[in-house]
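S.K.: So here's target.pdb, just PDB, C-alpha atoms:
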ATOM      1  CA  VAL A 296       5.356 -39.263 -57.597
ATOM      2  CA  ASN A 297       2.949 -36.294 -57.522
ATOM      3  CA  GLU A 298       0.000 -38.546 -58.396
ATOM      4  CA  GLY A 299       1.039 -40.994 -55.668
ATOM      5  CA  TYR A 300       1.405 -38.107 -53.212
ATOM      6  CA  ARG A 301      -2.182 -37.032 -53.978
ATOM      7  CA  TYR A 302      -3.440 -40.553 -53.153
ATOM      8  CA  VAL A 303      -1.328 -40.620 -50.002
ATOM      9  CA  LYS A 304      -2.984 -37.437 -48.749
ATOM     10  CA  LEU A 305      -6.381 -38.891 -49.632
ATOM     11  CA  ALA A 306      -5.631 -42.142 -47.753
ATOM     12  CA  LYS A 307      -4.429 -40.277 -44.661
ATOM     13  CA  ASP A 308      -7.503 -38.020 -44.793
ATOM     14  CA  LEU A 309      -9.855 -41.033 -44.999
ATOM     15  CA  VAL A 310      -8.125 -42.767 -42.082
ATOM     16  CA  HIS A 311      -8.452 -39.599 -40.003
ATOM     17  CA  ARG A 312     -12.043 -38.837 -41.075
ATOM     18  CA  PHE A 313     -13.346 -42.336 -40.275
ATOM     19  CA  SER A 314     -11.077 -42.928 -37.245
ATOM     20  CA  SER A 315      -9.834 -46.158 -38.816
ATOM     21  CA  LYS A 316      -7.267 -46.922 -36.141
ATOM     22  CA  GLU A 317      -7.100 -50.618 -37.052
ATOM     23  CA  VAL A 318      -5.497 -49.782 -40.438
ATOM     24  CA  ALA A 319      -3.950 -46.404 -39.595
ATOM     25  CA  GLY A 320      -0.516 -47.798 -38.701
ATOM     26  CA  GLU A 321      -0.161 -49.605 -42.027
ATOM     27  CA  VAL A 322      -1.462 -46.622 -44.027
ATOM     28  CA  ILE A 323       1.003 -44.306 -42.281
ATOM     29  CA  ALA A 324       3.918 -46.715 -42.829
ATOM     30  CA  ILE A 325       3.310 -47.081 -46.570
ATOM     31  CA  ALA A 326       2.146 -43.519 -47.246
ATOM     32  CA  THR A 327       5.019 -41.873 -45.407
ATOM     33  CA  GLN A 328       7.541 -43.472 -47.751
ATOM     34  CA  THR A 329       5.955 -41.531 -50.632
ATOM     35  CA  ILE A 330       5.863 -38.347 -48.559
ATOM     36  CA  GLY A 331       9.659 -38.578 -48.232
ATOM     37  CA  TYR A 332       9.972 -38.003 -51.972
ATOM     38  CA  VAL A 333       7.926 -34.776 -51.911
ATOM     39  CA  GLU A 334       8.417 -33.212 -48.479
ATOM     40  CA  PRO A 335      11.703 -32.911 -46.559
ATOM     41  CA  MET A 336      12.747 -36.380 -45.376
ATOM     42  CA  GLN A 337      12.820 -35.121 -41.773
ATOM     43  CA  THR A 338       9.005 -34.824 -41.864
ATOM     44  CA  THR A 339       8.772 -38.607 -42.174
ATOM     45  CA  LEU A 340      10.244 -39.096 -38.701
ATOM     46  CA  GLU A 341       7.245 -37.656 -36.875
ATOM     47  CA  PHE A 342       4.813 -39.570 -39.105
ATOM     48  CA  HIS A 343       6.531 -42.919 -38.496
ATOM     49  CA  MET A 344       6.545 -42.431 -34.725
ATOM     50  CA  GLN A 345       2.856 -41.467 -34.934
ATOM     51  CA  GLY A 346       2.265 -44.625 -36.999
ATOM     52  CA  HIS A 347       4.122 -46.727 -34.423
ATOM     53  CA  LYS A 348       2.045 -45.307 -31.563
ATOM     54  CA  THR A 349      -1.260 -45.580 -33.447
ATOM     55  CA  ALA A 350      -0.575 -49.178 -34.484
ATOM     56  CA  LEU A 351       0.318 -50.122 -30.909
ATOM     57  CA  GLU A 352      -2.936 -48.623 -29.630
ATOM     58  CA  ALA A 353      -4.831 -50.732 -32.187
ATOM     59  CA  GLY A 354      -2.872 -53.887 -31.281
ATOM     60  CA  ASP A 355      -1.285 -53.985 -34.757
ATOM     61  CA  ILE A 356       2.229 -55.115 -33.798
ATOM     62  CA  ARG A 357       3.257 -55.746 -37.415
ATOM     63  CA  SER A 358       2.591 -52.140 -38.495
ATOM     64  CA  ALA A 359       4.083 -50.819 -35.248
ATOM     65  CA  SER A 360       7.279 -52.744 -36.057
ATOM     66  CA  LEU A 361       7.285 -51.580 -39.671
ATOM     67  CA  ASN A 362       6.944 -47.934 -38.628
ATOM     68  CA  PHE A 363       9.701 -48.296 -36.010
ATOM     69  CA  ASN A 364      11.965 -49.938 -38.600
ATOM     70  CA  LEU A 365      11.349 -47.164 -41.145
ATOM     71  CA  TYR A 366      11.801 -44.495 -38.467
ATOM     72  CA  CYS A 367      15.275 -45.832 -37.687
ATOM     73  CA  ASN A 368      16.204 -45.961 -41.372
ATOM     74  CA  TYR A 369      15.054 -42.409 -42.040
ATOM     75  CA  LEU A 370      16.701 -41.124 -38.861
ATOM     76  CA  PHE A 371      20.032 -42.447 -40.141
ATOM     77  CA  TRP A 372      19.665 -41.137 -43.706
ATOM     78  CA  CYS A 373      18.473 -37.736 -42.412
ATOM     79  CA  GLY A 374      21.850 -37.352 -40.720
ATOM     80  CA  GLY A 375      20.677 -37.811 -37.142
ATOM     81  CA  ASN A 376      23.189 -37.952 -34.301
ATOM     82  CA  MET A 377      24.719 -41.427 -34.607
ATOM     83  CA  VAL A 378      24.543 -42.205 -30.892
ATOM     84  CA  ASN A 379      20.838 -41.270 -30.880
ATOM     85  CA  VAL A 380      20.252 -43.362 -34.016
ATOM     86  CA  LYS A 381      21.978 -46.327 -32.342
ATOM     87  CA  THR A 382      19.839 -45.918 -29.201
ATOM     88  CA  LYS A 383      16.613 -45.811 -31.227
ATOM     89  CA  CYS A 384      17.663 -48.834 -33.316
ATOM     90  CA  GLU A 385      18.433 -50.804 -30.155
ATOM     91  CA  GLU A 386      15.011 -49.855 -28.745
ATOM     92  CA  ALA A 387      13.390 -50.974 -31.992
ATOM     93  CA  CYS A 388      15.300 -54.276 -32.016
ATOM     94  CA  LEU A 389      14.282 -54.984 -28.420
ATOM     95  CA  PHE A 390      10.656 -54.162 -29.271
ATOM     96  CA  MET A 391      10.747 -56.540 -32.242
ATOM     97  CA  LYS A 392      12.428 -59.295 -30.239
ATOM     98  CA  GLN A 393       9.894 -58.900 -27.411
ATOM     99  CA  HIS A 394       6.988 -59.192 -29.870
ATOM    100  CA  LYS A 395       8.636 -61.953 -31.935
ATOM    101  CA  MET A 396       8.704 -59.851 -35.114
ATOM    102  CA  LEU A 397      11.773 -61.717 -36.368
ATOM    103  CA  ALA A 398      11.556 -60.639 -40.013
ATOM    104  CA  PHE A 399      11.663 -56.964 -39.029
ATOM    105  CA  LEU A 400      14.380 -57.648 -36.464
ATOM    106  CA  LEU A 401      16.420 -59.473 -39.079
ATOM    107  CA  ASN A 402      16.066 -56.498 -41.448
ATOM    108  CA  LEU A 403      17.068 -53.951 -38.800
ATOM    109  CA  ARG A 404      19.926 -55.807 -37.101
ATOM    110  CA  PRO A 405      22.447 -55.478 -39.976
ATOM    111  CA  PHE A 406      21.505 -51.808 -40.190
ATOM    112  CA  LEU A 407      22.256 -51.445 -36.475
ATOM    113  CA  SER A 408      25.585 -53.217 -37.047
ATOM    114  CA  THR A 409      26.416 -50.600 -39.691
ATOM    115  CA  ILE A 410      25.676 -47.775 -37.251
ATOM    116  CA  VAL A 411      27.705 -49.390 -34.461
ATOM    117  CA  LYS A 412      30.678 -49.878 -36.798
ATOM    118  CA  LEU A 413      30.493 -46.247 -37.940
ATOM    119  CA  ILE A 414      30.587 -45.077 -34.304
ATOM    120  CA  ASP A 415      33.262 -47.514 -33.115
ATOM    121  CA  LYS A 416      34.829 -49.979 -35.554
ATOM    122  CA  GLU A 417      35.862 -52.310 -32.706
ATOM    123  CA  GLU A 418      32.488 -52.562 -30.943
ATOM    124  CA  THR A 419      30.434 -55.703 -31.481
ATOM    125  CA  PRO A 420      26.701 -55.003 -31.750
ATOM    126  CA  SER A 421      24.169 -57.087 -29.851
ATOM    127  CA  ARG A 422      22.792 -60.054 -31.784
ATOM    128  CA  PHE A 423      19.440 -59.807 -29.925
ATOM    129  CA  GLY A 424      19.242 -63.557 -29.457
ATOM    130  CA  PHE A 425      20.234 -64.548 -32.984
ATOM    131  CA  ASP A 426      23.037 -67.047 -33.131
ATOM    132  CA  GLY A 427      24.880 -67.618 -36.406
ATOM    133  CA  PRO A 428      22.920 -70.674 -37.648
ATOM    134  CA  ALA A 429      19.504 -69.162 -36.802
ATOM    135  CA  GLU A 430      20.371 -65.989 -38.667
ATOM    136  CA  ASP A 431      21.681 -67.981 -41.661
ATOM    137  CA  VAL A 432      18.424 -69.941 -41.888
ATOM    138  CA  LEU A 433      16.296 -66.788 -41.736
ATOM    139  CA  ILE A 434      18.432 -65.008 -44.333
ATOM    140  CA  SER A 435      18.385 -67.967 -46.722
ATOM    141  CA  SER A 436      14.584 -68.223 -46.475
ATOM    142  CA  ASN A 437      13.887 -64.486 -46.908
ATOM    143  CA  PRO A 438      15.314 -62.852 -50.073
ATOM    144  CA  SER A 439      14.388 -59.360 -48.876
ATOM    145  CA  ALA A 440      16.258 -59.866 -45.601
ATOM    146  CA  ALA A 441      19.219 -61.366 -47.463
ATOM    147  CA  LEU A 442      19.360 -58.356 -49.777
ATOM    148  CA  ILE A 443      19.386 -55.954 -46.823
ATOM    149  CA  PHE A 444      21.932 -58.065 -44.933
ATOM    150  CA  HIS A 445      24.398 -58.113 -47.850
ATOM    151  CA  PHE A 446      23.747 -54.458 -48.665
ATOM    152  CA  ASN A 447      24.722 -53.422 -45.145
ATOM    153  CA  LYS A 448      27.889 -55.535 -45.276
ATOM    154  CA  MET A 449      28.738 -53.945 -48.631
ATOM    155  CA  TYR A 450      27.991 -50.439 -47.316
ATOM    156  CA  ILE A 451      30.152 -50.701 -44.190
ATOM    157  CA  SER A 452      33.037 -52.165 -46.228
ATOM    158  CA  PHE A 453      32.641 -49.290 -48.702
ATOM    159  CA  MET A 454      32.664 -46.680 -45.897
ATOM    160  CA  TYR A 455      35.852 -48.140 -44.390
ATOM    161  CA  ARG A 456      37.501 -48.642 -47.801
ATOM    162  CA  ASP A 457      37.705 -52.409 -47.295
ATOM    163  CA  TYR A 458      37.466 -53.062 -51.014
ATOM    164  CA  ASP A 459      37.942 -56.843 -50.804
ATOM    165  CA  GLY A 460      35.111 -57.112 -48.262
ATOM    166  CA  MET A 461      33.041 -54.724 -50.374
ATOM    167  CA  ALA A 462      33.564 -56.816 -53.519
ATOM    168  CA  SER A 463      32.628 -60.029 -51.700
ATOM    169  CA  ALA A 464      29.447 -58.498 -50.219
ATOM    170  CA  ALA A 465      28.609 -56.871 -53.560
ATOM    171  CA  GLU A 466      28.718 -60.255 -55.314
ATOM    172  CA  GLU A 467      26.245 -61.616 -52.767
ATOM    173  CA  TYR A 468      24.094 -58.479 -52.978
ATOM    174  CA  PHE A 469      23.909 -58.421 -56.777
ATOM    175  CA  GLY A 470      23.083 -62.139 -56.740
ATOM    176  CA  TYR A 471      19.610 -61.306 -55.387
ATOM    177  CA  LYS A 472      16.851 -59.960 -57.607
ATOM    178  CA  LEU A 473      13.558 -58.809 -56.159
ATOM    179  CA  ASP A 474      10.595 -58.106 -58.416
ATOM    180  CA  VAL A 475       8.721 -56.062 -55.825
ATOM    181  CA  TRP A 476      10.036 -53.452 -53.416
ATOM    182  CA  THR A 477       7.861 -53.119 -50.355
ATOM    183  CA  LEU A 478      10.157 -50.580 -48.717
ATOM    184  CA  LEU A 479      10.623 -47.677 -51.121
ATOM    185  CA  ASN A 480      13.227 -45.872 -49.041
ATOM    186  CA  ILE A 481      15.446 -48.962 -49.020
ATOM    187  CA  ALA A 482      15.199 -49.336 -52.802
ATOM    188  CA  CYS A 483      16.232 -45.717 -53.306
ATOM    189  CA  VAL A 484      19.231 -45.856 -50.961
ATOM    190  CA  GLN A 485      20.361 -49.243 -52.238
ATOM    191  CA  THR A 486      20.221 -48.079 -55.843
ATOM    192  CA  TYR A 487      22.380 -45.070 -55.031
ATOM    193  CA  ILE A 488      25.003 -46.873 -52.913
ATOM    194  CA  SER A 489      25.181 -49.939 -55.155
ATOM    195  CA  GLY A 490      25.803 -47.575 -58.085
ATOM    196  CA  LEU A 491      28.754 -46.050 -56.228
ATOM    197  CA  VAL A 492      30.089 -49.511 -55.389
ATOM    198  CA  SER A 493      29.734 -50.652 -59.007
ATOM    199  CA  PHE A 494      31.643 -47.593 -60.187
TER     200      PHE A 494
END
Could you take the file, read its structure, and then write that structure out as structure tokens?
M.R.:
Amino acid sequence: VNEGYRYVKLAKDLVHRFSSKEVAGEVIAIATQTIGYVEPMQTTLEFHMQGHKTALEAGDIRSASLNFNLYCNYLFWCGGNMVNVKTKCEEACLFMKQHKMLAFLLNLRPFLSTIVKLIDKEETPSRFGFDGPAEDVLISSNPSAALIFHFNKMYISFMYRDYDGMASAAEEYFGYKLDVWTLLNIACVQTYISGLVSF
């Protein structure tokens, strides 16, 4: 991690030194995930919002969406006020829907559902234009999205002690194997929670 952190600082320094705005959003998104392992996780929040803004200025909607997605994830795991986390996640989902970033929207929507259920178990979160069949097709064609979708179902069942629902979601979750993790923070959280569920 320390070696990676050194390269992260070097990458951020090079982006700043050469004013490489066209790649800055992506560098910030990837680098900030490593920073979260060395510095307090709360420091990642400011970096991801900076990455979102910088990517937008460069017209890099993909990196802007990635940073917004990671910001929402870190805001939740840092223990942010749940109503504020929900508001930010809804803003992010609307941004992704507006810019047709469906893969990011699909990854964030189950996470938003988790937050909504933790605030009010009876509330139904917005689907942001996804109907059941469209979501099923996207999940079945994207193993990363499927993993996140089933993880969030497993997590909310675990939090509400719905052990039958948790077991069902866990079977789906453990049925997926990914060789590469592009989102380090998700891998870390999923490893921890899935370990608790397995126990």
S.K.: Could you check the closest approach to Gly331 in chain A for each of A:Cys388, A:Leu309, A:Leu351, A:Val303 and tell me which residue wins, using all atoms listed in the file?
M.R.: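 Once distances to Gly331 in chain A are computed over all atoms listed in the file, the minimum belongs to A:Val303.
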S.K.: Using only C-alpha atoms, which protein or nucleic acid residues come within 7 Å of range 462-469 of chain A? Drop anything in the same chain fewer than 4 positions from it, and give the result as a list in words.
M.R.: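 Residues meeting the cut-off are Leu442, His445, Phe446, Lys448, Met449 and Tyr458 of chain A.
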S.K.: Quick one: apply the PyMOL selection byres ((chain A and resi 492) around 8) to the file and drop the selected residues here as a PyMOL selection string.
M.R.: chain A and resi 453+461+465+488-491+493-494
S.K.: For the file shown, report as JSON, numbers by chain the outcome of the PyMOL selection byres ((chain A and resi 412) around 12) at residue level.
M.R.: {"A": [377, 378, 381, 405, 406, 407, 408, 409, 410, 411, 413, 414, 415, 416, 417, 418, 419, 420, 421, 447, 448, 450, 451, 452, 454, 455]}
S.K.: Between CA of Ser439 in chain A and CA of Arg404 in chain A, what distance in Å does the model show, to one decimal?
M.R.: 13.5 Å
S.K.: Evaluate the PyMOL selection byres ((chain A and resi 344) around 10) here and jot the selected residues down as a list of chain:residue names.
M.R.: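 Expected selection for the PyMOL selection byres ((chain A and resi 344) around 10) here is A:Gly320, A:Ile323, A:Ala324, A:Thr339, A:Leu340, A:Glu341, A:Phe342, A:His343, A:Gln345, A:Gly346, A:His347, A:Lys348, A:Thr349, A:Ala350, A:Ala359, A:Asn362, A:Phe363, A:Leu365, A:Tyr366, A:Cys367.
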S.K.: Taking only C-alpha atoms into account, which of A:Ala441, A:Glu298, A:Leu361, A:Asp457 comes nearest Gly470 in chain A?
M.R.: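 Selected residue with least distance to Gly470 in chain A: A:Ala441.
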S.K.: What is the distance, in Å and to one decimal place, between CA of Leu305 in chain A and CA of Ile325 in chain A?
M.R.: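 Separating CA of Leu305 in chain A from CA of Ile325 in chain A is a distance of 13.1 Å.
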S.K.: One decimal, in Å: what's the spacing between CA of Pro438 in chain A and CA of Leu400 in chain A?
M.R.: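 Computed distance, CA of Pro438 in chain A to CA of Leu400 in chain A, equals 14.6 Å.
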S.K.: Hey, which of A:Phe390, A:Phe399, A:Phe444, A:Tyr302 ends up closest to Thr329 in chain A? Count only C-alpha atoms.
M.R.: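 Nearest to Thr329 in chain A: A:Tyr302.
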S.K.: Nearest to Trp372 in chain A among A:Ile330, A:Arg357, A:Gln337, A:Lys316, with distances taken over only C-alpha atoms: which residue is it?
M.R.: A:Gln337
S.K.: Just need the box for range 374-379 of chain A, edges along x, y and z, holding every atom the file lists for it with 8 Å tacked onto each side, so centre and edge lengths in Å to one decimal, as lines of an AutoDock Vina configuration file.
M.R.:
center_x = 22.7
center_y = -39.8
center_z = -35.8
size_x = 20.0
size_y = 20.9
size_z = 25.8
S.K.: With distances taken over all atoms listed in the file, which of A:Asn402, A:Gly374, A:Ala353, A:Glu385 is nearest to Ala440 in chain A?
M.R.: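 Of A:Asn402, A:Gly374, A:Ala353, A:Glu385, the one nearest Ala440 in chain A, counting all atoms listed in the file, is A:Asn402.
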S.K.: So, with only C-alpha atoms as the atoms that count, which of A:Ser360, A:His394, A:Gly460, A:Tyr300 lies closest to Ala326 in chain A?
M.R.: A:Tyr300
S.K.: Because the input lacks atoms here, generate all heavy atoms for range 375-386 of chain A and report them as a PDB file, in the coordinates of the input.
M.R.:
ATOM      1  N   GLY A 375      20.860 -37.939 -38.588  1.00  0.00           N
ATOM      2  CA  GLY A 375      20.677 -37.811 -37.142  1.00  0.00           C
ATOM      3  C   GLY A 375      21.961 -38.134 -36.388  1.00  0.00           C
ATOM      4  O   GLY A 375      22.855 -38.797 -36.907  1.00  0.00           O
ATOM      5  N   ASN A 376      22.046 -37.651 -35.160  1.00  0.00           N
ATOM      6  CA  ASN A 376      23.189 -37.952 -34.301  1.00  0.00           C
ATOM      7  C   ASN A 376      23.329 -39.471 -34.184  1.00  0.00           C
ATOM      8  O   ASN A 376      22.379 -40.162 -33.825  1.00  0.00           O
ATOM      9  CB  ASN A 376      22.969 -37.322 -32.921  1.00  0.00           C
ATOM     10  CG  ASN A 376      24.064 -37.666 -31.946  1.00  0.00           C
ATOM     11  OD1 ASN A 376      24.123 -38.783 -31.442  1.00  0.00           O
ATOM     12  ND2 ASN A 376      24.933 -36.708 -31.690  1.00  0.00           N
ATOM     13  N   MET A 377      24.534 -39.976 -34.502  1.00  0.00           N
ATOM     14  CA  MET A 377      24.719 -41.427 -34.607  1.00  0.00           C
ATOM     15  C   MET A 377      24.445 -42.167 -33.294  1.00  0.00           C
ATOM     16  O   MET A 377      23.908 -43.268 -33.307  1.00  0.00           O
ATOM     17  CB  MET A 377      26.130 -41.748 -35.100  1.00  0.00           C
ATOM     18  CG  MET A 377      26.388 -41.297 -36.524  1.00  0.00           C
ATOM     19  SD  MET A 377      25.327 -42.138 -37.692  1.00  0.00           S
ATOM     20  CE  MET A 377      26.275 -43.607 -37.936  1.00  0.00           C
ATOM     21  N   VAL A 378      24.801 -41.553 -32.180  1.00  0.00           N
ATOM     22  CA  VAL A 378      24.543 -42.205 -30.892  1.00  0.00           C
ATOM     23  C   VAL A 378      23.036 -42.302 -30.657  1.00  0.00           C
ATOM     24  O   VAL A 378      22.525 -43.336 -30.196  1.00  0.00           O
ATOM     25  CB  VAL A 378      25.257 -41.461 -29.742  1.00  0.00           C
ATOM     26  CG1 VAL A 378      24.866 -42.034 -28.393  1.00  0.00           C
ATOM     27  CG2 VAL A 378      26.771 -41.508 -29.943  1.00  0.00           C
ATOM     28  N   ASN A 379      22.295 -41.238 -31.014  1.00  0.00           N
ATOM     29  CA  ASN A 379      20.838 -41.270 -30.880  1.00  0.00           C
ATOM     30  C   ASN A 379      20.219 -42.299 -31.832  1.00  0.00           C
ATOM     31  O   ASN A 379      19.276 -43.004 -31.466  1.00  0.00           O
ATOM     32  CB  ASN A 379      20.232 -39.888 -31.155  1.00  0.00           C
ATOM     33  CG  ASN A 379      20.586 -38.878 -30.080  1.00  0.00           C
ATOM     34  OD1 ASN A 379      20.995 -39.243 -28.983  1.00  0.00           O
ATOM     35  ND2 ASN A 379      20.459 -37.613 -30.406  1.00  0.00           N
ATOM     36  N   VAL A 380      20.750 -42.378 -33.053  1.00  0.00           N
ATOM     37  CA  VAL A 380      20.252 -43.362 -34.016  1.00  0.00           C
ATOM     38  C   VAL A 380      20.480 -44.772 -33.475  1.00  0.00           C
ATOM     39  O   VAL A 380      19.585 -45.628 -33.527  1.00  0.00           O
ATOM     40  CB  VAL A 380      20.939 -43.188 -35.396  1.00  0.00           C
ATOM     41  CG1 VAL A 380      20.478 -44.279 -36.356  1.00  0.00           C
ATOM     42  CG2 VAL A 380      20.657 -41.818 -35.983  1.00  0.00           C
ATOM     43  N   LYS A 381      21.660 -45.009 -32.921  1.00  0.00           N
ATOM     44  CA  LYS A 381      21.978 -46.327 -32.342  1.00  0.00           C
ATOM     45  C   LYS A 381      21.014 -46.660 -31.211  1.00  0.00           C
ATOM     46  O   LYS A 381      20.477 -47.776 -31.132  1.00  0.00           O
ATOM     47  CB  LYS A 381      23.417 -46.313 -31.829  1.00  0.00           C
ATOM     48  CG  LYS A 381      23.842 -47.592 -31.117  1.00  0.00           C
ATOM     49  CD  LYS A 381      25.305 -47.492 -30.676  1.00  0.00           C
ATOM     50  CE  LYS A 381      25.747 -48.718 -29.904  1.00  0.00           C
ATOM     51  NZ  LYS A 381      25.695 -48.555 -28.465  1.00  0.00           N
ATOM     52  N   THR A 382      20.756 -45.698 -30.328  1.00  0.00           N
ATOM     53  CA  THR A 382      19.839 -45.918 -29.201  1.00  0.00           C
ATOM     54  C   THR A 382      18.445 -46.280 -29.700  1.00  0.00           C
ATOM     55  O   THR A 382      17.816 -47.225 -29.208  1.00  0.00           O
ATOM     56  CB  THR A 382      19.774 -44.663 -28.311  1.00  0.00           C
ATOM     57  OG1 THR A 382      21.087 -44.386 -27.820  1.00  0.00           O
ATOM     58  CG2 THR A 382      18.819 -44.837 -27.150  1.00  0.00           C
ATOM     59  N   LYS A 383      17.948 -45.534 -30.692  1.00  0.00           N
ATOM     60  CA  LYS A 383      16.613 -45.811 -31.227  1.00  0.00           C
ATOM     61  C   LYS A 383      16.560 -47.174 -31.909  1.00  0.00           C
ATOM     62  O   LYS A 383      15.578 -47.906 -31.789  1.00  0.00           O
ATOM     63  CB  LYS A 383      16.187 -44.712 -32.211  1.00  0.00           C
ATOM     64  CG  LYS A 383      15.665 -43.476 -31.542  1.00  0.00           C
ATOM     65  CD  LYS A 383      14.393 -43.790 -30.789  1.00  0.00           C
ATOM     66  CE  LYS A 383      13.836 -42.589 -30.077  1.00  0.00           C
ATOM     67  NZ  LYS A 383      12.720 -42.929 -29.199  1.00  0.00           N
ATOM     68  N   CYS A 384      17.619 -47.520 -32.646  1.00  0.00           N
ATOM     69  CA  CYS A 384      17.663 -48.834 -33.316  1.00  0.00           C
ATOM     70  C   CYS A 384      17.676 -49.967 -32.295  1.00  0.00           C
ATOM     71  O   CYS A 384      17.025 -50.997 -32.495  1.00  0.00           O
ATOM     72  CB  CYS A 384      18.882 -48.927 -34.229  1.00  0.00           C
ATOM     73  SG  CYS A 384      18.692 -48.022 -35.768  1.00  0.00           S
ATOM     74  N   GLU A 385      18.413 -49.787 -31.205  1.00  0.00           N
ATOM     75  CA  GLU A 385      18.433 -50.804 -30.155  1.00  0.00           C
ATOM     76  C   GLU A 385      17.061 -50.945 -29.510  1.00  0.00           C
ATOM     77  O   GLU A 385      16.600 -52.056 -29.250  1.00  0.00           O
ATOM     78  CB  GLU A 385      19.499 -50.459 -29.113  1.00  0.00           C
ATOM     79  CG  GLU A 385      20.910 -50.671 -29.616  1.00  0.00           C
ATOM     80  CD  GLU A 385      21.987 -50.148 -28.680  1.00  0.00           C
ATOM     81  OE1 GLU A 385      21.683 -49.276 -27.836  1.00  0.00           O
ATOM     82  OE2 GLU A 385      23.129 -50.603 -28.812  1.00  0.00           O
ATOM     83  N   GLU A 386      16.378 -49.811 -29.282  1.00  0.00           N
ATOM     84  CA  GLU A 386      15.011 -49.855 -28.745  1.00  0.00           C
ATOM     85  C   GLU A 386      14.091 -50.616 -29.701  1.00  0.00           C
ATOM     86  O   GLU A 386      13.276 -51.433 -29.276  1.00  0.00           O
ATOM     87  CB  GLU A 386      14.464 -48.435 -28.540  1.00  0.00           C
ATOM     88  CG  GLU A 386      15.052 -47.678 -27.377  1.00  0.00           C
ATOM     89  CD  GLU A 386      14.534 -46.241 -27.312  1.00  0.00           C
ATOM     90  OE1 GLU A 386      13.468 -45.939 -27.903  1.00  0.00           O
ATOM     91  OE2 GLU A 386      15.211 -45.415 -26.678  1.00  0.00           O
TER      92      GLU A 386
END
